[in-house]
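To keep things clear, I will list the structure first and then write my remarks on it.
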Protein chains: 2
Amino acid sequence: MSPQVIPHALDRLIQNLTKLPGIGKKTASRLALNILRRPAAEARELAAALNDLHSAIQLCSSCFTFSENDPCAICGDLKRDSSLICVVEQPGDLLAIEKAGNYLGHYHILHGVLAPMDGIGPNEIKITELEARLNSGVVTEVFIATSSTVPGEATANYLIDRLQSRNILVSRLACGIPMGMDIKYADRHTLARAIESRSQTR
Amino acid sequence: MSPQVIPHALDRLIQNLTKLPGIGKKTASRLALNILRRPAAEARELAAALNDLHSAIQLCSSCFTFSENDPCAICGDLKRDSSLICVVEQPGDLLAIEKAGNYLGHYHILHGVLAPMDGIGPNEIKITELEARLNSGVVTEVFIATSSTVPGEATANYLIDRLQSRNILVSRLACGIPMGMDIKYADRHTLARAIESRSQTR
């Protein structure tokens, strides 16, 4: 295919879209052609949203989530329990837990997980910042909600060790069978964990 | 979840991304958070590409594909065969055929398919524009490459009827088993078509 067949302006958009996670060359072409078929005003509104994004949003200086204000809406909410901190990997995990709707404490975003092979040690993620929050003496429970992946578990175990000497409760998100799932279809690691963590009914 | 938990600027980007085809609320959130985690320069470059898109690109006045120039690179290419026109539904189909690499004629983009239930009749897609090109007398073959979907086939059949009175060859894209596919896995409609269109080997 001769290179001019794809107009330069279209190709530029396709190249930029392929930088996004999970968007390959084919999906990027489909998205770009769709944007082109629709009114220019829609493309300009998306562009404006992209342009404003980084300037409007900063990190909350307490929990390090993305926020337009400092402190963020959660850290600044007096109705939430500041004695309980939920530790997550990324701001997206905070949003997922907020959606669940039954957590009323504060958060702490690590902005990553331990990955020694990639040079990400304890100083590369926000662990000392978590300890600084604990030093204030307000916090009575740290609830670790990292992913149940290998690096997520390793980070959780490292945190548990590191917080051991403090007089605070350390809890973890429960692992088990997803709601509504037929146990036939659960993978054996999840099932093993669900059996191990079985709860007494009475 | 209280509405302020998602910063307004982030939510605005998510809302804009969900307007794209195949991007749901979850994917949009994931993309937006990823864009936010990466340098602001990347978001601005994507925004600039979006802003320039519609102003840089127009429709070729001959084949109606998206192009920065009029005529487009293909219609203006003297090495291509102007006696052969391939009729496709959308500019993306042209790109797919160009990628195949063995078609050297011109194109005609219908910008849609017949869909009477949605009020799209022959006058809503670029059929009279195709006839105007045929009136010049240069074209000897119209090669119909609409999709093998119900509306694509209906559009192809309508075109075949409408071009019948003209002294030109009308051909269609072959339907059959995809290359490399085990026939066990082909659906029965495709297999029936492949049997019907079987070719003699000698």
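In the structure tokens, the first chain shown is A, the next is B, and so on; residue numbers restart at 1 for each chain, and ligands run from 1 in the order shown.
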
Would you list which chain B residues are within 8 Å of chain A using only C-alpha atoms, as a PyMOL selection string?
chain B and resi 1+4-10+12-13+16-17+20-21+29-31+33-36+40+43-54+56-57+66-68+72-74+91-92+95+98-99+101

Let's have the selection written as a short mmCIF file (atom, residue, chain, number, x, y, z; two decimals), in the first residue's frame, with N, CA and C atoms.
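Output file result_13.cif is given in full below:
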```
data_model
loop_
_atom_site.label_atom_id
_atom_site.label_comp_id
_atom_site.auth_asym_id
_atom_site.auth_seq_id
_atom_site.Cartn_x
_atom_site.Cartn_y
_atom_site.Cartn_z
N MET B 1 -21.25 5.89 45.02
CA MET B 1 -20.00 6.66 44.89
C MET B 1 -20.38 8.14 44.73
N GLN B 4 -18.05 13.61 43.19
CA GLN B 4 -16.74 14.28 43.16
C GLN B 4 -15.56 13.33 43.24
N VAL B 5 -15.81 12.03 43.53
CA VAL B 5 -14.68 11.10 43.64
C VAL B 5 -13.91 11.03 42.32
N ILE B 6 -14.64 11.06 41.20
CA ILE B 6 -13.97 11.14 39.89
C ILE B 6 -13.80 12.61 39.57
N PRO B 7 -12.54 13.10 39.42
CA PRO B 7 -12.36 14.52 39.10
C PRO B 7 -13.13 14.88 37.83
N HIS B 8 -13.68 16.09 37.81
CA HIS B 8 -14.50 16.51 36.68
C HIS B 8 -13.77 16.38 35.35
N ALA B 9 -12.51 16.79 35.32
CA ALA B 9 -11.74 16.77 34.05
C ALA B 9 -11.55 15.34 33.56
N LEU B 10 -11.42 14.40 34.51
CA LEU B 10 -11.26 13.00 34.14
C LEU B 10 -12.59 12.44 33.63
N ARG B 12 -15.00 14.08 32.27
CA ARG B 12 -15.30 14.67 30.96
C ARG B 12 -14.61 13.87 29.86
N LEU B 13 -13.34 13.48 30.09
CA LEU B 13 -12.62 12.68 29.09
C LEU B 13 -13.28 11.31 28.94
N ASN B 16 -16.38 11.53 26.87
CA ASN B 16 -16.08 11.71 25.45
C ASN B 16 -15.59 10.42 24.81
N LEU B 17 -14.79 9.65 25.58
CA LEU B 17 -14.26 8.40 25.02
C LEU B 17 -15.36 7.36 24.83
N LEU B 20 -17.03 6.73 21.42
CA LEU B 20 -16.36 5.99 20.34
C LEU B 20 -16.90 4.56 20.27
N PRO B 21 -16.88 3.96 19.07
CA PRO B 21 -17.47 2.63 18.91
C PRO B 21 -16.66 1.57 19.66
N SER B 29 -12.66 4.43 31.17
CA SER B 29 -12.00 4.77 32.44
C SER B 29 -10.54 4.33 32.41
N ARG B 30 -10.33 3.10 31.91
CA ARG B 30 -8.98 2.56 31.86
C ARG B 30 -8.09 3.41 30.95
N LEU B 31 -8.63 3.81 29.79
CA LEU B 31 -7.86 4.63 28.85
C LEU B 31 -7.56 5.99 29.48
N LEU B 33 -7.45 6.94 32.64
CA LEU B 33 -6.49 6.86 33.75
C LEU B 33 -5.08 6.63 33.20
N ASN B 34 -4.98 5.85 32.14
CA ASN B 34 -3.67 5.61 31.54
C ASN B 34 -3.11 6.89 30.93
N ILE B 35 -3.96 7.65 30.24
CA ILE B 35 -3.52 8.91 29.64
C ILE B 35 -3.04 9.86 30.74
N LEU B 36 -3.76 9.84 31.87
CA LEU B 36 -3.42 10.73 32.99
C LEU B 36 -2.09 10.35 33.62
N ALA B 40 1.95 14.71 30.02
CA ALA B 40 0.95 15.62 29.46
C ALA B 40 1.19 15.85 27.97
N ALA B 43 -0.80 13.49 25.76
CA ALA B 43 -2.23 13.84 25.68
C ALA B 43 -2.42 15.03 24.74
N ARG B 44 -1.49 15.99 24.82
CA ARG B 44 -1.62 17.19 23.96
C ARG B 44 -1.39 16.86 22.50
N GLU B 45 -0.48 15.91 22.23
CA GLU B 45 -0.21 15.51 20.85
C GLU B 45 -1.44 14.78 20.27
N LEU B 46 -2.07 13.94 21.08
CA LEU B 46 -3.31 13.27 20.65
C LEU B 46 -4.40 14.31 20.40
N ALA B 47 -4.50 15.30 21.29
CA ALA B 47 -5.49 16.36 21.13
C ALA B 47 -5.25 17.15 19.84
N ALA B 48 -3.98 17.44 19.54
CA ALA B 48 -3.66 18.19 18.33
C ALA B 48 -4.04 17.40 17.08
N ALA B 49 -3.78 16.08 17.13
CA ALA B 49 -4.14 15.22 15.99
C ALA B 49 -5.65 15.24 15.77
N LEU B 50 -6.40 15.24 16.86
CA LEU B 50 -7.87 15.27 16.77
C LEU B 50 -8.34 16.62 16.23
N ASN B 51 -7.71 17.68 16.70
CA ASN B 51 -8.11 19.02 16.26
C ASN B 51 -7.89 19.24 14.77
N ASP B 52 -6.79 18.66 14.25
CA ASP B 52 -6.45 18.89 12.84
C ASP B 52 -7.22 18.00 11.89
N LEU B 53 -7.78 16.92 12.43
CA LEU B 53 -8.32 15.86 11.58
C LEU B 53 -9.31 16.37 10.53
N HIS B 54 -10.41 16.97 10.99
CA HIS B 54 -11.48 17.33 10.06
C HIS B 54 -11.08 18.45 9.12
N ALA B 56 -8.05 19.00 7.93
CA ALA B 56 -7.04 18.56 6.95
C ALA B 56 -7.63 17.63 5.91
N ILE B 57 -8.74 16.96 6.26
CA ILE B 57 -9.23 15.89 5.39
C ILE B 57 -10.58 16.23 4.78
N PHE B 66 -11.72 9.59 1.94
CA PHE B 66 -11.10 10.64 2.73
C PHE B 66 -9.71 10.93 2.16
N SER B 67 -9.39 12.20 1.97
CA SER B 67 -8.10 12.54 1.39
C SER B 67 -7.71 13.96 1.77
N GLU B 68 -6.40 14.20 1.80
CA GLU B 68 -5.95 15.57 2.05
C GLU B 68 -5.93 16.38 0.75
N CYS B 72 -7.75 12.40 -4.88
CA CYS B 72 -6.96 11.67 -3.88
C CYS B 72 -5.75 11.01 -4.55
N ALA B 73 -4.88 10.43 -3.75
CA ALA B 73 -3.64 9.82 -4.26
C ALA B 73 -3.93 8.72 -5.27
N ILE B 74 -5.04 7.99 -5.08
CA ILE B 74 -5.35 6.88 -6.00
C ILE B 74 -5.94 7.41 -7.30
N PRO B 91 -14.54 4.21 3.56
CA PRO B 91 -13.11 4.38 3.31
C PRO B 91 -12.25 3.28 3.96
N GLY B 92 -12.68 2.75 5.10
CA GLY B 92 -11.91 1.69 5.76
C GLY B 92 -11.81 0.44 4.89
N LEU B 95 -8.98 0.88 2.46
CA LEU B 95 -7.68 0.63 3.09
C LEU B 95 -7.41 -0.87 3.20
N GLU B 98 -6.47 -2.10 -0.24
CA GLU B 98 -5.12 -1.64 -0.59
C GLU B 98 -4.06 -2.49 0.11
N LYS B 99 -4.37 -2.90 1.34
CA LYS B 99 -3.44 -3.72 2.10
C LYS B 99 -3.24 -5.08 1.44
N GLY B 101 -3.01 -5.62 -1.57
CA GLY B 101 -1.86 -5.33 -2.43
C GLY B 101 -1.97 -5.73 -3.89
#
```

Identify, on the basis of only C-alpha atoms, every residue whose closest approach to B:Val88 does not exceed 7 Å; exclude the query and any residue fewer than 4 positions from it along the same chain; express the result as a ChimeraX atom specification.
/B:93-94,108-110,144-146

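Going from atom CA of B:Ser83 over to atom CA of B:Thr140, you cover 5.2 Å.
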
Go through stretch 33-141 of chain B and collect every residue that DSSP, computed from the backbone, puts in alpha helix (DSSP H); the answer should be as a PyMOL selection string.
chain B and resi 33-37+40-56+91-100+127-135

Show me, as a list in words, the residues that have an atom within 9 Å of stretch 196-201 of chain B when counting only C-alpha atoms, minus same-chain residues fewer than 3 positions from it.
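Answer for this query is Ala174, Cys175, Gly176, Leu191, Ala192 and Arg193 of chain B.
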
Please produce a file of those selected residues containing all heavy atoms, as a compact mmCIF listing (two decimals), in the first residue's frame.
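The resulting file, result_24.txt, is shown below:
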```txt
# COMPACT_ATOMS: atom_id res chain seq x y z
N ALA B 174 -15.14 -12.55 -4.29
CA ALA B 174 -15.47 -13.95 -4.05
C ALA B 174 -15.73 -14.21 -2.57
O ALA B 174 -15.06 -13.65 -1.71
CB ALA B 174 -14.32 -14.84 -4.52
N CYS B 175 -16.72 -15.07 -2.29
CA CYS B 175 -16.96 -15.51 -0.92
C CYS B 175 -16.49 -16.94 -0.78
O CYS B 175 -16.62 -17.73 -1.72
CB CYS B 175 -18.46 -15.48 -0.62
SG CYS B 175 -18.97 -13.96 0.14
N GLY B 176 -15.96 -17.33 0.35
CA GLY B 176 -15.52 -18.71 0.56
C GLY B 176 -14.83 -18.87 1.89
O GLY B 176 -14.99 -18.04 2.78
N LEU B 191 -19.59 -22.17 4.04
CA LEU B 191 -19.22 -23.42 3.38
C LEU B 191 -20.13 -23.66 2.17
O LEU B 191 -19.65 -24.04 1.09
CB LEU B 191 -19.34 -24.57 4.40
CG LEU B 191 -18.58 -25.84 4.06
CD1 LEU B 191 -17.12 -25.56 3.73
CD2 LEU B 191 -18.67 -26.84 5.21
N ALA B 192 -21.44 -23.39 2.32
CA ALA B 192 -22.37 -23.58 1.20
C ALA B 192 -21.97 -22.67 0.03
O ALA B 192 -21.95 -23.09 -1.13
CB ALA B 192 -23.79 -23.25 1.66
N ARG B 193 -21.58 -21.44 0.35
CA ARG B 193 -21.18 -20.50 -0.70
C ARG B 193 -19.88 -20.95 -1.37
O ARG B 193 -19.71 -20.84 -2.58
CB ARG B 193 -21.02 -19.10 -0.10
CG ARG B 193 -20.68 -18.02 -1.10
CD ARG B 193 -21.86 -17.64 -2.01
NE ARG B 193 -22.68 -16.62 -1.41
CZ ARG B 193 -22.52 -15.30 -1.63
NH1 ARG B 193 -21.63 -14.88 -2.50
NH2 ARG B 193 -23.27 -14.43 -1.01
```

Quick one: everything within 12 Å of B:Ala132, counting only C-alpha atoms, minus sequence neighbours fewer than 3 positions away in the same chain. Send it as a count of residues only.
14

Excluding stretch 150-156 of chain B and its own-chain neighbours fewer than 2 positions away, which residues fall within 9 Å of it when counting only C-alpha atoms? Please give them as number ranges by chain.
B: 89, 113-115, 122, 144-148, 158-161, 172

Run DSSP on the backbone and tell me which residues of stretch 17-151 of chain A come out as strand (DSSP E or B); list them as an mmCIF file with all heavy atoms, in the first residue's frame.
```cif
data_model
loop_
_atom_site.group_PDB
_atom_site.id
_atom_site.type_symbol
_atom_site.label_atom_id
_atom_site.label_comp_id
_atom_site.auth_asym_id
_atom_site.auth_seq_id
_atom_site.Cartn_x
_atom_site.Cartn_y
_atom_site.Cartn_z
ATOM 1 N N GLN A 58 -4.234 17.017 39.779
ATOM 2 C CA GLN A 58 -2.970 16.840 40.491
ATOM 3 C C GLN A 58 -3.126 15.640 41.424
ATOM 4 O O GLN A 58 -4.160 14.998 41.442
ATOM 5 C CB GLN A 58 -2.681 18.107 41.291
ATOM 6 C CG GLN A 58 -3.843 18.497 42.195
ATOM 7 C CD GLN A 58 -3.675 19.842 42.854
ATOM 8 O OE1 GLN A 58 -2.569 20.197 43.224
ATOM 9 N NE2 GLN A 58 -4.770 20.575 42.998
ATOM 10 N N LEU A 59 -2.073 15.351 42.205
ATOM 11 C CA LEU A 59 -2.182 14.279 43.191
ATOM 12 C C LEU A 59 -2.562 14.889 44.535
ATOM 13 O O LEU A 59 -2.026 15.922 44.935
ATOM 14 C CB LEU A 59 -0.849 13.539 43.335
ATOM 15 C CG LEU A 59 -0.359 12.747 42.117
ATOM 16 C CD1 LEU A 59 0.934 12.017 42.458
ATOM 17 C CD2 LEU A 59 -1.407 11.753 41.645
ATOM 18 N N PHE A 66 -5.653 10.933 42.101
ATOM 19 C CA PHE A 66 -5.842 12.046 41.175
ATOM 20 C C PHE A 66 -7.005 12.891 41.664
ATOM 21 O O PHE A 66 -8.062 12.371 42.010
ATOM 22 C CB PHE A 66 -6.170 11.534 39.770
ATOM 23 C CG PHE A 66 -5.039 10.813 39.105
ATOM 24 C CD1 PHE A 66 -5.234 9.573 38.510
ATOM 25 C CD2 PHE A 66 -3.771 11.378 39.049
ATOM 26 C CE1 PHE A 66 -4.183 8.909 37.878
ATOM 27 C CE2 PHE A 66 -2.714 10.716 38.419
ATOM 28 C CZ PHE A 66 -2.934 9.483 37.838
ATOM 29 N N SER A 67 -6.827 14.199 41.694
ATOM 30 C CA SER A 67 -7.887 15.061 42.195
ATOM 31 C C SER A 67 -7.733 16.468 41.639
ATOM 32 O O SER A 67 -6.631 16.898 41.307
ATOM 33 C CB SER A 67 -7.820 15.102 43.728
ATOM 34 O OG SER A 67 -8.748 16.039 44.219
ATOM 35 N N ASP A 81 -14.171 7.816 57.785
ATOM 36 C CA ASP A 81 -13.392 7.357 58.944
ATOM 37 C C ASP A 81 -11.894 7.491 58.654
ATOM 38 O O ASP A 81 -11.325 6.700 57.903
ATOM 39 C CB ASP A 81 -13.767 5.898 59.193
ATOM 40 C CG ASP A 81 -13.075 5.328 60.414
ATOM 41 O OD1 ASP A 81 -12.270 6.054 61.045
ATOM 42 O OD2 ASP A 81 -13.343 4.154 60.733
ATOM 43 N N SER A 82 -11.241 8.476 59.305
ATOM 44 C CA SER A 82 -9.825 8.697 59.021
ATOM 45 C C SER A 82 -8.928 7.737 59.795
ATOM 46 O O SER A 82 -7.712 7.754 59.633
ATOM 47 C CB SER A 82 -9.446 10.152 59.326
ATOM 48 O OG SER A 82 -9.696 10.418 60.689
ATOM 49 N N SER A 83 -9.513 6.854 60.613
ATOM 50 C CA SER A 83 -8.683 5.895 61.352
ATOM 51 C C SER A 83 -8.436 4.624 60.522
ATOM 52 O O SER A 83 -7.707 3.738 60.937
ATOM 53 C CB SER A 83 -9.352 5.522 62.676
ATOM 54 O OG SER A 83 -10.488 4.719 62.434
ATOM 55 N N LEU A 84 -9.066 4.557 59.349
ATOM 56 C CA LEU A 84 -8.967 3.372 58.490
ATOM 57 C C LEU A 84 -8.408 3.800 57.128
ATOM 58 O O LEU A 84 -8.952 4.697 56.486
ATOM 59 C CB LEU A 84 -10.381 2.775 58.340
ATOM 60 C CG LEU A 84 -10.593 1.612 57.388
ATOM 61 C CD1 LEU A 84 -9.706 0.432 57.734
ATOM 62 C CD2 LEU A 84 -12.065 1.182 57.423
ATOM 63 N N ILE A 85 -7.302 3.168 56.707
ATOM 64 C CA ILE A 85 -6.703 3.498 55.411
ATOM 65 C C ILE A 85 -6.669 2.242 54.544
ATOM 66 O O ILE A 85 -6.154 1.207 54.971
ATOM 67 C CB ILE A 85 -5.262 4.043 55.574
ATOM 68 C CG1 ILE A 85 -5.287 5.449 56.190
ATOM 69 C CG2 ILE A 85 -4.536 4.087 54.224
ATOM 70 C CD1 ILE A 85 -3.908 6.082 56.295
ATOM 71 N N CYS A 86 -7.222 2.369 53.342
ATOM 72 C CA CYS A 86 -7.184 1.269 52.373
ATOM 73 C C CYS A 86 -6.046 1.526 51.393
ATOM 74 O O CYS A 86 -6.020 2.560 50.724
ATOM 75 C CB CYS A 86 -8.517 1.201 51.635
ATOM 76 S SG CYS A 86 -8.521 0.017 50.303
ATOM 77 N N VAL A 87 -5.100 0.580 51.292
ATOM 78 C CA VAL A 87 -3.934 0.753 50.427
ATOM 79 C C VAL A 87 -4.199 0.076 49.085
ATOM 80 O O VAL A 87 -4.474 -1.130 49.048
ATOM 81 C CB VAL A 87 -2.668 0.149 51.078
ATOM 82 C CG1 VAL A 87 -1.464 0.286 50.157
ATOM 83 C CG2 VAL A 87 -2.397 0.827 52.418
ATOM 84 N N VAL A 88 -4.153 0.841 47.994
ATOM 85 C CA VAL A 88 -4.366 0.269 46.659
ATOM 86 C C VAL A 88 -3.199 0.616 45.741
ATOM 87 O O VAL A 88 -2.390 1.493 46.060
ATOM 88 C CB VAL A 88 -5.697 0.752 46.020
ATOM 89 C CG1 VAL A 88 -6.906 0.246 46.806
ATOM 90 C CG2 VAL A 88 -5.728 2.266 45.895
ATOM 91 N N GLY A 105 -13.760 4.427 54.740
ATOM 92 C CA GLY A 105 -12.512 4.953 55.283
ATOM 93 C C GLY A 105 -11.772 5.812 54.274
ATOM 94 O O GLY A 105 -12.347 6.255 53.270
ATOM 95 N N HIS A 106 -10.490 6.052 54.534
ATOM 96 C CA HIS A 106 -9.640 6.809 53.619
ATOM 97 C C HIS A 106 -8.852 5.822 52.739
ATOM 98 O O HIS A 106 -8.993 4.621 52.887
ATOM 99 C CB HIS A 106 -8.693 7.699 54.417
ATOM 100 C CG HIS A 106 -9.370 8.916 54.975
ATOM 101 N ND1 HIS A 106 -8.746 10.141 55.100
ATOM 102 C CD2 HIS A 106 -10.631 9.102 55.431
ATOM 103 C CE1 HIS A 106 -9.595 11.011 55.619
ATOM 104 N NE2 HIS A 106 -10.746 10.404 55.838
ATOM 105 N N TYR A 107 -8.034 6.392 51.841
ATOM 106 C CA TYR A 107 -7.237 5.559 50.935
ATOM 107 C C TYR A 107 -5.771 5.963 50.984
ATOM 108 O O TYR A 107 -5.432 7.050 51.456
ATOM 109 C CB TYR A 107 -7.703 5.743 49.479
ATOM 110 C CG TYR A 107 -9.047 5.125 49.190
ATOM 111 C CD1 TYR A 107 -10.214 5.870 49.321
ATOM 112 C CD2 TYR A 107 -9.146 3.797 48.796
ATOM 113 C CE1 TYR A 107 -11.455 5.303 49.060
ATOM 114 C CE2 TYR A 107 -10.380 3.224 48.532
ATOM 115 C CZ TYR A 107 -11.522 3.980 48.660
ATOM 116 O OH TYR A 107 -12.735 3.414 48.404
ATOM 117 N N HIS A 108 -4.926 5.098 50.410
ATOM 118 C CA HIS A 108 -3.538 5.473 50.130
ATOM 119 C C HIS A 108 -3.138 4.793 48.820
ATOM 120 O O HIS A 108 -3.209 3.560 48.713
ATOM 121 C CB HIS A 108 -2.606 5.039 51.261
ATOM 122 C CG HIS A 108 -1.232 5.589 51.103
ATOM 123 N ND1 HIS A 108 -0.889 6.860 51.539
ATOM 124 C CD2 HIS A 108 -0.127 5.091 50.508
ATOM 125 C CE1 HIS A 108 0.374 7.092 51.237
ATOM 126 N NE2 HIS A 108 0.859 6.047 50.604
ATOM 127 N N ILE A 109 -2.756 5.591 47.839
ATOM 128 C CA ILE A 109 -2.419 5.041 46.517
ATOM 129 C C ILE A 109 -0.911 4.846 46.437
ATOM 130 O O ILE A 109 -0.147 5.808 46.570
ATOM 131 C CB ILE A 109 -2.846 5.996 45.374
ATOM 132 C CG1 ILE A 109 -4.187 6.686 45.672
ATOM 133 C CG2 ILE A 109 -2.843 5.274 44.034
ATOM 134 C CD1 ILE A 109 -5.389 5.812 45.667
ATOM 135 N N ALA A 115 8.482 -4.404 42.006
ATOM 136 C CA ALA A 115 8.889 -5.190 40.841
ATOM 137 C C ALA A 115 10.406 -5.080 40.740
ATOM 138 O O ALA A 115 10.925 -4.317 39.926
ATOM 139 C CB ALA A 115 8.202 -4.678 39.580
ATOM 140 N N ILE A 120 11.851 -1.480 40.509
ATOM 141 C CA ILE A 120 10.887 -0.781 41.365
ATOM 142 C C ILE A 120 10.922 -1.406 42.761
ATOM 143 O O ILE A 120 10.390 -2.494 42.987
ATOM 144 C CB ILE A 120 9.468 -0.807 40.762
ATOM 145 C CG1 ILE A 120 9.511 -0.112 39.389
ATOM 146 C CG2 ILE A 120 8.467 -0.107 41.688
ATOM 147 C CD1 ILE A 120 8.239 -0.206 38.601
ATOM 148 N N GLU A 141 -6.264 1.056 61.598
ATOM 149 C CA GLU A 141 -6.291 -0.118 60.725
ATOM 150 C C GLU A 141 -5.800 0.232 59.328
ATOM 151 O O GLU A 141 -6.230 1.232 58.740
ATOM 152 C CB GLU A 141 -7.724 -0.678 60.627
ATOM 153 C CG GLU A 141 -7.810 -1.907 59.710
ATOM 154 C CD GLU A 141 -9.208 -2.530 59.619
ATOM 155 O OE1 GLU A 141 -10.087 -2.147 60.435
ATOM 156 O OE2 GLU A 141 -9.422 -3.372 58.734
ATOM 157 N N VAL A 142 -4.886 -0.602 58.795
ATOM 158 C CA VAL A 142 -4.463 -0.487 57.392
ATOM 159 C C VAL A 142 -5.038 -1.694 56.669
ATOM 160 O O VAL A 142 -4.774 -2.838 57.039
ATOM 161 C CB VAL A 142 -2.924 -0.451 57.254
ATOM 162 C CG1 VAL A 142 -2.514 -0.573 55.794
ATOM 163 C CG2 VAL A 142 -2.370 0.849 57.837
ATOM 164 N N PHE A 143 -5.861 -1.418 55.669
ATOM 165 C CA PHE A 143 -6.568 -2.459 54.924
ATOM 166 C C PHE A 143 -5.899 -2.551 53.549
ATOM 167 O O PHE A 143 -6.001 -1.639 52.733
ATOM 168 C CB PHE A 143 -8.041 -2.039 54.854
ATOM 169 C CG PHE A 143 -8.879 -2.708 53.803
ATOM 170 C CD1 PHE A 143 -8.693 -4.038 53.458
ATOM 171 C CD2 PHE A 143 -9.892 -1.992 53.178
ATOM 172 C CE1 PHE A 143 -9.481 -4.633 52.497
ATOM 173 C CE2 PHE A 143 -10.688 -2.583 52.208
ATOM 174 C CZ PHE A 143 -10.485 -3.901 51.865
ATOM 175 N N ILE A 144 -5.168 -3.642 53.311
ATOM 176 C CA ILE A 144 -4.387 -3.770 52.079
ATOM 177 C C ILE A 144 -5.253 -4.381 50.977
ATOM 178 O O ILE A 144 -5.762 -5.498 51.125
ATOM 179 C CB ILE A 144 -3.129 -4.622 52.307
ATOM 180 C CG1 ILE A 144 -2.263 -3.970 53.410
ATOM 181 C CG2 ILE A 144 -2.321 -4.761 51.012
ATOM 182 C CD1 ILE A 144 -1.065 -4.796 53.817
#
```

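With atom CA of A:Cys60 on one side and atom CA of A:Ser165 on the other, the separation reads 27.5 Å.
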
Between atom CA of A:Gly76 and atom CA of A:Phe64 - distance in Å to one decimal:
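Spanning atom CA of A:Phe64 to atom CA of A:Gly76 is a straight-line distance of 12.9 Å.
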
Distance criterion (only C-alpha atoms): nearest to A:Cys75 out of A:Gly180, A:Asp187, A:Ile195, A:Leu104
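Between A:Gly180, A:Asp187, A:Ile195, A:Leu104, the residue approaching A:Cys75 most closely is A:Leu104.
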